[in-house]
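The structure appears below as structure tokens.
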Amino acid sequence: MLALCAATAAMAQDTEPSASSQVVRQQGGATDMQFTFTESQLGEDDDMTQNVILISSASDLFASQVGYGFSAMRFRYRALSQKYNDIYINGLQMNDLESGQFRYSLVGGLNNQTRSMEASLPFEDNQFSVSALGGSNNYNFRAGSMPVGHRASILATNSNYVLRGMYTYSSGFNQKGWAFTGNLTYRWAHRGYVKGTFYNALSYFLGVEKIINEKNNLSFATWGNPTERSTQGAATDESYWLANSNYYNPYWGYQGGKIRNSRVVNDFAPSALLTWDFKISDKAKLTTTFGGHYSMYKSTKLNYNNSDNPQPDYWKNLPSSYYDVEDPESNSEQEYASWVNAYEYLTGSEANRQINWDRLYYSNTQASAQGADAMYFIEAKHNDALNLQLNSVLNLELDPMKHLNVGFGLGTNRGRHYLTMEDMLGATTFHNLNTYAIGTYAPTSDEVQYDLDNRDAVVKEGDVFRYDYNINVNKGTLWASYVANARKIHFTIGGRTSYTDMQRDGKMRNGLAANNSKGKSGVAHFLDGGGRASMSVNLGHGHAFSLGAGFETRAPQASTAFAAPEINNDFVTGLRNEEVFSSQVSYQLRTAWVDLSINGYYNYMQHVTEWQNFYFDDINSFSYVSLTNIRKANYGVELGARVKITSWLDAKAFGTISEAKYLNNANVRYQNSTSAVYYSDIVMNKNMRESGTPLTAASLGLSFHKSGWYVELYGKYYDRIYLSWSPCLRYTATGKTVGWYEQTTVDENGNIVTETDVPEQSKGHGGFMMDGSIGHSIYLKNGSMLSINLSVTNILNNRNMVTGGYEQSRSDYTSTRVVNDDGTTTATMNNARIYHFSSNPKKYYAYGTTGMLNITYRF
């Protein structure tokens, strides 16, 4: 299947790859299916960013399979964040300097351009970098490296989009040394798999390359992917039960009888790069690339002001807010009657479970008639960024068995973050006031002003309000790697050092930080670096053994470095470099009939900084939470095996049993939008797990390939899927309020240890899934070919498997919180709520049966 989906291009600009790195051409790597997955199922959505690492390997069977094989469950390689996976195009690093992540939407729809890729796993060498903890990929966007000819395809699916048309033409080099390539792709869905969603995206690519002489090549490429799409919201199991569907979406409703979604993403990042390839000699080559992109990301959201929450699945609307389902004996007849009324209302009509847009417009019209501000409105969060990068790499062949690679990179990023009024939903007035702080401060005080330089500003549609600031990041990196080969031993060592600085530049003078919000903050400077080494030994008769280890420090990401960037210029307290130790041991067996890979790995991280911003419903406020001094460990075993039963039938197995957990209780410091006060505490997060990926995943199947046909069928099993844990449910102050049970014991060293019954992390249900695919290639006259590929995911239609989700950041009780003179806080529990937030996390479920039919004509 992978071979049929891939092009037959060669990486013309590369010298011979080293023994352990690989150039992905026809099999594995950036296949059409992998990128179809990323562009249709991945989201950079506001609340739940689901990132992925598209890895590949010609030598490691596990890595070659998991990119697409486990995609239906949003599997992440070794449970790592995408910031640990480095992505390059023509040697130019493309990871965002603010978050460290690479958004695959940047190359969405460019499946034909992303086929040619050099990939390296964490302890493999390559010619463009020191491989990252989550591996590194380098895509080749040179026009002269694209497969010559025309390629037209149409794809039909029932995923987030339903149709995709793609056309690519590449000329190859003409007699004057010019090569041209272009691509147009369009993806569309009036309704995606989930009701209330749509998809509309156009992708383009234009590349040109010129052979100046036998030593010099210049290539230029520009591309973009303007996209408009609506999103799906997570919901509780109760809401899914009421809707009789695990794909209930609370983000849409009817307006004038037509469907309207409140969460719409507009995403466009026009990009360009210029590459100079200089062949110094037969043994030396210099590749220099300059490029950048300007990303424009906007995501809308329904909000409210001095009114009830308009979300149809708001907890007060649910039957369990009236009746304690966990303790039925405690309920009265009236509470049961209220449960019945709520149940009958929500199950009586689909419209009752969705946003009532007509009601919102009516309420706003009535408020405007009385001179009041909009009660409901659509706001738009913007993240715009100008990113410029320069990378240069020198590849030296010291002798046929030794290679040296040296490179540097310079990058700068100017990211603007602001909020605009998208739609006032029929209202005529709205003021730029911090209504969350009213109550803590008087309505006429400076503290409730979002912009003191424009007091009581009236906001119109399209205006910026609430916050407006830039995050500026500069980074420089120097690296080198050395590769040596003996008869049976392959050895590689690499190291890097980096300098990073970051700064906030506020454009509004927030009343909660009148002297510390507008203008530039101080500059934080970080110097980091590290190295890794590996050795592979050929034991003979197809057996090989390899060992790798590394240590590095990493500057914190600017996206986690500021305490409350929407309010002030403060950096996170105790901000420092993250320290990472990594190791791996592997065994491989390759014979004519058996291909086996077994990996064991251990990654340890300390001084990790994480940051969250969420709406804290307990206090009707946004909360800005910094978690510092975190220690983590990721470890596990990976298996990949292929057994050739006959010349045309293979049995394949791959899977992992892993762990990815927090090792200690972290420091937490947070500020709420109700006041200018910071709170410090300890969050009891020890033994929490990384969320949103199965920690146990396995696949077993058969692959038939004969006479231009291929058929594959796999059974897959997923387990230990954890949901994103809520810090505020585990503050020690929360524990004191609710009276966590404490037990004092003595450990083996005689130390007194206090154990508490901290709420366990919420989990999602795993299970079994079956996937299959069939395809055929028909060779026509004049070298043309027609390929027909059909893949079906979740054939058995298992709709009960959770792909991710998060705990609700609200307590099961009401409380009164008091700030003491020393800055600490105390809280007392007033009343337990009937509704149990701790038992009702919000989840996403894997899609049921989905199919993908792709027809490609090459000529």
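Chain labels run A, B, ... following the order of the structure tokens; each chain numbers its residues from 1, and ligands are numbered from 1 in the order shown.
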- Spatial neighbours of stretch 673-680 of chain A, 6 Å, only C-alpha atoms, chain gap at least 6 places, as an NGL selection string: :A and (436-437 or 512 or 621-622)
Mind dumping the selected residues with all heavy atoms as an mmCIF file, in the first residue's frame?
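Resulting contents of part-v7.cif:
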```cif
data_model
loop_
_atom_site.group_PDB
_atom_site.id
_atom_site.type_symbol
_atom_site.label_atom_id
_atom_site.label_comp_id
_atom_site.auth_asym_id
_atom_site.auth_seq_id
_atom_site.Cartn_x
_atom_site.Cartn_y
_atom_site.Cartn_z
ATOM 1 N N TYR A 436 -15.004 40.215 34.769
ATOM 2 C CA TYR A 436 -14.622 39.201 35.753
ATOM 3 C C TYR A 436 -14.121 39.859 37.034
ATOM 4 O O TYR A 436 -14.280 39.308 38.127
ATOM 5 C CB TYR A 436 -13.524 38.294 35.189
ATOM 6 C CG TYR A 436 -13.881 37.636 33.878
ATOM 7 C CD1 TYR A 436 -13.228 37.981 32.696
ATOM 8 C CD2 TYR A 436 -14.866 36.658 33.814
ATOM 9 C CE1 TYR A 436 -13.544 37.378 31.494
ATOM 10 C CE2 TYR A 436 -15.196 36.054 32.614
ATOM 11 C CZ TYR A 436 -14.531 36.415 31.458
ATOM 12 O OH TYR A 436 -14.854 35.822 30.271
ATOM 13 N N ALA A 437 -13.486 41.028 36.912
ATOM 14 C CA ALA A 437 -12.891 41.692 38.072
ATOM 15 C C ALA A 437 -13.890 42.553 38.827
ATOM 16 O O ALA A 437 -13.612 42.987 39.949
ATOM 17 C CB ALA A 437 -11.707 42.552 37.633
ATOM 18 N N LEU A 512 -5.116 45.697 35.650
ATOM 19 C CA LEU A 512 -4.591 44.827 36.699
ATOM 20 C C LEU A 512 -3.076 44.884 36.785
ATOM 21 O O LEU A 512 -2.486 44.367 37.744
ATOM 22 C CB LEU A 512 -5.032 43.373 36.455
ATOM 23 C CG LEU A 512 -6.533 43.090 36.595
ATOM 24 C CD1 LEU A 512 -6.813 41.639 36.280
ATOM 25 C CD2 LEU A 512 -7.031 43.446 37.988
ATOM 26 N N SER A 621 -13.891 33.060 35.923
ATOM 27 C CA SER A 621 -12.654 33.779 35.636
ATOM 28 C C SER A 621 -11.754 32.927 34.755
ATOM 29 O O SER A 621 -11.826 31.689 34.761
ATOM 30 C CB SER A 621 -11.919 34.101 36.942
ATOM 31 O OG SER A 621 -10.616 34.569 36.688
ATOM 32 N N PHE A 622 -10.901 33.609 33.990
ATOM 33 C CA PHE A 622 -9.801 32.907 33.330
ATOM 34 C C PHE A 622 -8.679 32.728 34.343
ATOM 35 O O PHE A 622 -8.435 33.585 35.196
ATOM 36 C CB PHE A 622 -9.295 33.691 32.117
ATOM 37 C CG PHE A 622 -10.188 33.551 30.917
ATOM 38 C CD1 PHE A 622 -11.147 34.514 30.636
ATOM 39 C CD2 PHE A 622 -10.074 32.465 30.067
ATOM 40 C CE1 PHE A 622 -11.980 34.393 29.536
ATOM 41 C CE2 PHE A 622 -10.898 32.327 28.970
ATOM 42 C CZ PHE A 622 -11.856 33.285 28.694
#
```
I'd like to know which residues of stretch 154-215 of chain A are strand (DSSP E or B) (by DSSP, run on the backbone); could you write them as a PDB file with C-alpha atoms, in the first residue's frame?
```pdb
ATOM      1  CA  ILE A 154      -9.348  12.396  -6.578  1.00  0.00           C
ATOM      2  CA  LEU A 155     -10.089  11.131  -3.097  1.00  0.00           C
ATOM      3  CA  ALA A 156     -13.427  10.463  -1.448  1.00  0.00           C
ATOM      4  CA  THR A 157     -13.733   9.884   2.266  1.00  0.00           C
ATOM      5  CA  LEU A 163     -13.634  15.170  -1.256  1.00  0.00           C
ATOM      6  CA  ARG A 164     -10.116  16.040  -2.322  1.00  0.00           C
ATOM      7  CA  GLY A 165      -8.877  16.869  -5.802  1.00  0.00           C
ATOM      8  CA  MET A 166      -5.152  17.161  -6.506  1.00  0.00           C
ATOM      9  CA  TYR A 167      -3.100  17.967  -9.598  1.00  0.00           C
ATOM     10  CA  THR A 168       0.696  18.103  -9.814  1.00  0.00           C
ATOM     11  CA  TYR A 169       3.029  18.750 -12.732  1.00  0.00           C
ATOM     12  CA  SER A 170       6.821  18.555 -12.684  1.00  0.00           C
ATOM     13  CA  TRP A 178      15.653  24.733 -15.449  1.00  0.00           C
ATOM     14  CA  ALA A 179      13.093  22.626 -13.575  1.00  0.00           C
ATOM     15  CA  PHE A 180       9.544  23.635 -12.645  1.00  0.00           C
ATOM     16  CA  THR A 181       6.872  22.065 -10.496  1.00  0.00           C
ATOM     17  CA  GLY A 182       3.411  23.107  -9.371  1.00  0.00           C
ATOM     18  CA  ASN A 183       0.550  21.716  -7.343  1.00  0.00           C
ATOM     19  CA  LEU A 184      -3.080  22.605  -6.661  1.00  0.00           C
ATOM     20  CA  THR A 185      -5.182  20.767  -4.092  1.00  0.00           C
ATOM     21  CA  TYR A 186      -8.715  21.420  -2.933  1.00  0.00           C
ATOM     22  CA  ARG A 187     -10.409  19.722   0.043  1.00  0.00           C
ATOM     23  CA  TRP A 188     -14.059  20.172   0.873  1.00  0.00           C
ATOM     24  CA  ALA A 189     -16.911  19.054   3.092  1.00  0.00           C
ATOM     25  CA  TYR A 199     -14.077  21.950   5.720  1.00  0.00           C
ATOM     26  CA  ASN A 200     -12.863  24.234   2.934  1.00  0.00           C
ATOM     27  CA  ALA A 201      -9.177  24.375   1.966  1.00  0.00           C
ATOM     28  CA  LEU A 202      -7.113  25.267  -1.094  1.00  0.00           C
ATOM     29  CA  SER A 203      -3.421  24.355  -1.236  1.00  0.00           C
ATOM     30  CA  TYR A 204      -0.880  25.575  -3.757  1.00  0.00           C
ATOM     31  CA  PHE A 205       2.799  24.935  -4.443  1.00  0.00           C
ATOM     32  CA  LEU A 206       5.185  26.467  -6.965  1.00  0.00           C
ATOM     33  CA  GLY A 207       8.834  25.502  -7.260  1.00  0.00           C
ATOM     34  CA  VAL A 208      11.663  26.331  -9.639  1.00  0.00           C
ATOM     35  CA  GLU A 209      15.253  25.125  -9.697  1.00  0.00           C
ATOM     36  CA  LYS A 210      18.221  26.201 -11.861  1.00  0.00           C
ATOM     37  CA  ILE A 211      21.491  24.384 -12.426  1.00  0.00           C
TER      38      ILE A 211
END
```
- Selection: 8 Å around stretch 130-142 of chain A, only C-alpha atoms, excl. self and same-chain fewer than 3 positions, as a PyMOL selection string: chain A and resi 11+53+55+77-78+80+82+84-91+113-126+145-146+207-209+219-221+479-481+494-496+582
- Message: As an exercise, work out the distance from atom CA of A:Ala555 to atom CA of A:Thr609 in Å and give it to one decimal place.
- Response: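 These two atoms are separated by 9.9 Å.
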- Message: List as an MDAnalysis selection string the protein and nucleic acid residues near stretch 764-770 of chain A, meaning an atom at most 7 Å away when only C-alpha atoms are counted, but skip any in the same chain fewer than 6 places from it.
- Response: chainID A and resid 714:723 793:796 798 800:802
Dump of N, CA and C atoms for the selected residues, as a compact mmCIF listing (two decimals), in the first residue's frame:
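Produced file again08.txt, reproduced below:
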```
# COMPACT_ATOMS: atom_id res chain seq x y z
N TYR A 714 -5.56 -5.68 9.34
CA TYR A 714 -4.90 -5.60 10.65
C TYR A 714 -5.94 -5.55 11.75
N GLY A 715 -5.64 -6.29 12.84
CA GLY A 715 -6.37 -6.13 14.08
C GLY A 715 -5.52 -5.33 15.04
N LYS A 716 -6.12 -4.33 15.71
CA LYS A 716 -5.34 -3.41 16.55
C LYS A 716 -6.00 -3.27 17.92
N TYR A 717 -5.15 -3.17 18.91
CA TYR A 717 -5.63 -3.07 20.29
C TYR A 717 -4.99 -1.87 20.97
N TYR A 718 -5.80 -1.09 21.71
CA TYR A 718 -5.32 0.11 22.39
C TYR A 718 -5.79 0.09 23.85
N ASP A 719 -4.91 0.56 24.73
CA ASP A 719 -5.28 0.59 26.15
C ASP A 719 -4.47 1.67 26.86
N ARG A 720 -4.87 1.97 28.11
CA ARG A 720 -4.20 2.94 28.98
C ARG A 720 -4.15 4.31 28.30
N ILE A 721 -5.34 4.84 28.08
CA ILE A 721 -5.49 6.15 27.46
C ILE A 721 -5.92 7.13 28.55
N TYR A 722 -5.05 8.03 28.89
CA TYR A 722 -5.32 8.98 29.97
C TYR A 722 -5.81 10.30 29.41
N LEU A 723 -6.65 10.99 30.19
CA LEU A 723 -7.16 12.30 29.81
C LEU A 723 -6.31 13.38 30.47
N THR A 793 -10.95 2.14 7.86
CA THR A 793 -10.53 2.16 9.25
C THR A 793 -11.70 1.82 10.15
N ASN A 794 -11.44 1.04 11.19
CA ASN A 794 -12.46 0.65 12.16
C ASN A 794 -13.61 -0.09 11.47
N ILE A 795 -13.25 -1.17 10.79
CA ILE A 795 -14.22 -1.95 10.03
C ILE A 795 -15.36 -2.44 10.90
N LEU A 796 -15.07 -2.81 12.14
CA LEU A 796 -16.08 -3.34 13.05
C LEU A 796 -16.92 -2.25 13.72
N ASN A 798 -16.33 0.09 16.01
CA ASN A 798 -16.24 0.25 17.46
C ASN A 798 -16.23 1.75 17.78
N ASN A 800 -16.70 3.14 20.83
CA ASN A 800 -16.55 3.37 22.27
C ASN A 800 -15.12 3.61 22.69
N MET A 801 -14.21 3.86 21.75
CA MET A 801 -12.81 4.05 22.07
C MET A 801 -12.50 5.55 22.15
N VAL A 802 -11.88 5.95 23.24
CA VAL A 802 -11.62 7.36 23.51
C VAL A 802 -10.25 7.75 22.95
```
Skipping near chain neighbours, those fewer than 5 positions away, what residues fall within 8 Å of A:Ser586 using only C-alpha atoms, listed as a PDB file with all heavy atoms, in the first residue's frame?
```pdb
ATOM      1  N   PHE A 545      23.032  -5.210  16.964  1.00  0.00           N
ATOM      2  CA  PHE A 545      22.762  -4.657  18.290  1.00  0.00           C
ATOM      3  C   PHE A 545      23.212  -3.203  18.287  1.00  0.00           C
ATOM      4  O   PHE A 545      24.254  -2.854  17.725  1.00  0.00           O
ATOM      5  CB  PHE A 545      23.536  -5.451  19.351  1.00  0.00           C
ATOM      6  CG  PHE A 545      23.480  -4.838  20.722  1.00  0.00           C
ATOM      7  CD1 PHE A 545      22.387  -5.044  21.543  1.00  0.00           C
ATOM      8  CD2 PHE A 545      24.520  -4.048  21.190  1.00  0.00           C
ATOM      9  CE1 PHE A 545      22.333  -4.483  22.810  1.00  0.00           C
ATOM     10  CE2 PHE A 545      24.477  -3.484  22.452  1.00  0.00           C
ATOM     11  CZ  PHE A 545      23.372  -3.706  23.272  1.00  0.00           C
ATOM     12  N   SER A 546      22.408  -2.327  18.901  1.00  0.00           N
ATOM     13  CA  SER A 546      22.780  -0.908  18.951  1.00  0.00           C
ATOM     14  C   SER A 546      22.463  -0.338  20.320  1.00  0.00           C
ATOM     15  O   SER A 546      21.555  -0.804  21.028  1.00  0.00           O
ATOM     16  CB  SER A 546      22.064  -0.104  17.866  1.00  0.00           C
ATOM     17  OG  SER A 546      20.667  -0.129  18.045  1.00  0.00           O
ATOM     18  N   LEU A 547      23.222   0.670  20.672  1.00  0.00           N
ATOM     19  CA  LEU A 547      23.098   1.320  21.974  1.00  0.00           C
ATOM     20  C   LEU A 547      23.301   2.814  21.776  1.00  0.00           C
ATOM     21  O   LEU A 547      24.198   3.239  21.038  1.00  0.00           O
ATOM     22  CB  LEU A 547      24.148   0.769  22.935  1.00  0.00           C
ATOM     23  CG  LEU A 547      24.156   1.305  24.373  1.00  0.00           C
ATOM     24  CD1 LEU A 547      22.895   0.869  25.104  1.00  0.00           C
ATOM     25  CD2 LEU A 547      25.401   0.810  25.104  1.00  0.00           C
ATOM     26  N   SER A 597      12.591  -6.025  14.837  1.00  0.00           N
ATOM     27  CA  SER A 597      13.202  -4.913  15.573  1.00  0.00           C
ATOM     28  C   SER A 597      12.610  -4.869  16.971  1.00  0.00           C
ATOM     29  O   SER A 597      11.388  -4.918  17.139  1.00  0.00           O
ATOM     30  CB  SER A 597      12.935  -3.575  14.870  1.00  0.00           C
ATOM     31  OG  SER A 597      13.498  -3.548  13.581  1.00  0.00           O
ATOM     32  N   ILE A 598      13.482  -4.784  17.974  1.00  0.00           N
ATOM     33  CA  ILE A 598      13.045  -4.625  19.362  1.00  0.00           C
ATOM     34  C   ILE A 598      13.825  -3.465  19.960  1.00  0.00           C
ATOM     35  O   ILE A 598      15.059  -3.448  19.916  1.00  0.00           O
ATOM     36  CB  ILE A 598      13.289  -5.909  20.185  1.00  0.00           C
ATOM     37  CG1 ILE A 598      12.548  -7.090  19.570  1.00  0.00           C
ATOM     38  CG2 ILE A 598      12.835  -5.689  21.624  1.00  0.00           C
ATOM     39  CD1 ILE A 598      12.832  -8.405  20.276  1.00  0.00           C
ATOM     40  N   ASN A 599      13.122  -2.488  20.501  1.00  0.00           N
ATOM     41  CA  ASN A 599      13.751  -1.313  21.111  1.00  0.00           C
ATOM     42  C   ASN A 599      13.294  -1.172  22.553  1.00  0.00           C
ATOM     43  O   ASN A 599      12.109  -1.322  22.861  1.00  0.00           O
ATOM     44  CB  ASN A 599      13.379  -0.024  20.369  1.00  0.00           C
ATOM     45  CG  ASN A 599      13.688  -0.084  18.896  1.00  0.00           C
ATOM     46  OD1 ASN A 599      14.731  -0.580  18.492  1.00  0.00           O
ATOM     47  ND2 ASN A 599      12.768   0.415  18.080  1.00  0.00           N
ATOM     48  N   GLY A 600      14.229  -0.853  23.412  1.00  0.00           N
ATOM     49  CA  GLY A 600      13.903  -0.424  24.760  1.00  0.00           C
ATOM     50  C   GLY A 600      14.462   0.973  24.960  1.00  0.00           C
ATOM     51  O   GLY A 600      15.587   1.267  24.562  1.00  0.00           O
TER      52      GLY A 600
END
```
- Can you list, as an NGL selection string, every residue of stretch 656-850 of chain A that DSSP puts in alpha helix (DSSP H)? :A and (732-738)
- Query: From the list A:Gln101, A:Arg151, A:Asp277, A:Ala269, which residue is nearest A:Arg858 when using only C-alpha atoms?
  - Reply: A:Arg151
- Task: Find the spatial neighbours of A:Gly196, counting only C-alpha atoms, within a cut-off of 7 Å - ignore same-chain residues fewer than 5 positions away - and output them as an MDAnalysis selection string.
- Result: chainID A and resid 191 252 259:261
- Within 8 Å of A:His543, counting only C-alpha atoms, which residues qualify if same-chain residues fewer than 5 places away don't, as number ranges by chain? A: 538, 587-590
Residue selection dump (N, CA and C atoms) as a PDB file, in the first residue's frame:
```pdb
ATOM      1  N   ASN A 538      27.253  -5.048  14.011  1.00  0.00           N
ATOM      2  CA  ASN A 538      26.749  -6.135  13.182  1.00  0.00           C
ATOM      3  C   ASN A 538      27.303  -7.446  13.728  1.00  0.00           C
ATOM      4  N   TYR A 587      17.719  -4.304  19.265  1.00  0.00           N
ATOM      5  CA  TYR A 587      18.175  -5.537  18.635  1.00  0.00           C
ATOM      6  C   TYR A 587      17.412  -5.702  17.329  1.00  0.00           C
ATOM      7  N   GLN A 588      18.132  -6.120  16.277  1.00  0.00           N
ATOM      8  CA  GLN A 588      17.514  -6.337  14.977  1.00  0.00           C
ATOM      9  C   GLN A 588      17.952  -7.681  14.414  1.00  0.00           C
ATOM     10  N   LEU A 589      16.999  -8.308  13.719  1.00  0.00           N
ATOM     11  CA  LEU A 589      17.276  -9.547  13.000  1.00  0.00           C
ATOM     12  C   LEU A 589      16.714  -9.409  11.598  1.00  0.00           C
ATOM     13  N   ARG A 590      17.587  -9.585  10.616  1.00  0.00           N
ATOM     14  CA  ARG A 590      17.157  -9.503   9.226  1.00  0.00           C
ATOM     15  C   ARG A 590      17.662 -10.723   8.467  1.00  0.00           C
TER      16      ARG A 590
END
```
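Between atom CA of A:Phe562 and atom CA of A:Asn667 the separation is 15.2 Å.
Nearest to A:Gly574 of all the residues A:Thr849, A:Gly233, A:Ala561, A:Gly224 is A:Ala561, counting only C-alpha atoms.
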- Query: Pick from A:Asn413, A:Gln366, A:Asn620, A:Thr236: nearest to A:Ser320, with only C-alpha atoms counted?
  - Reply: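 Closest to A:Ser320 of all the choices is A:Thr236.
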- Item | Atom-to-atom span, atom CA of A:Gly415 and atom CA of A:Asp501, Å |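 Computed distance, atom CA of A:Gly415 to atom CA of A:Asp501, equals 13.8 Å.
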- Message: Nearest residue to A:Phe491 out of A:Leu218, A:Ala513, A:Gly701, A:Gly548, using only C-alpha atoms?
- Response: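 Looking at the shortest contact to A:Phe491, the residue is A:Gly548.
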- Tell me which of A:Gln232, A:Ser171, A:Asn472, A:Ser777 sits closest to A:Tyr247, counting only C-alpha atoms.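 Ranking A:Gln232, A:Ser171, A:Asn472, A:Ser777 by distance to A:Tyr247, first place goes to A:Gln232.
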- Item | Minimum-distance residue to A:Asp618, chosen among A:Thr440, A:Ser332, A:Asn672, A:Ser517 (using only C-alpha atoms) |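 Of A:Thr440, A:Ser332, A:Asn672, A:Ser517, the one nearest A:Asp618, counting only C-alpha atoms, is A:Asn672.
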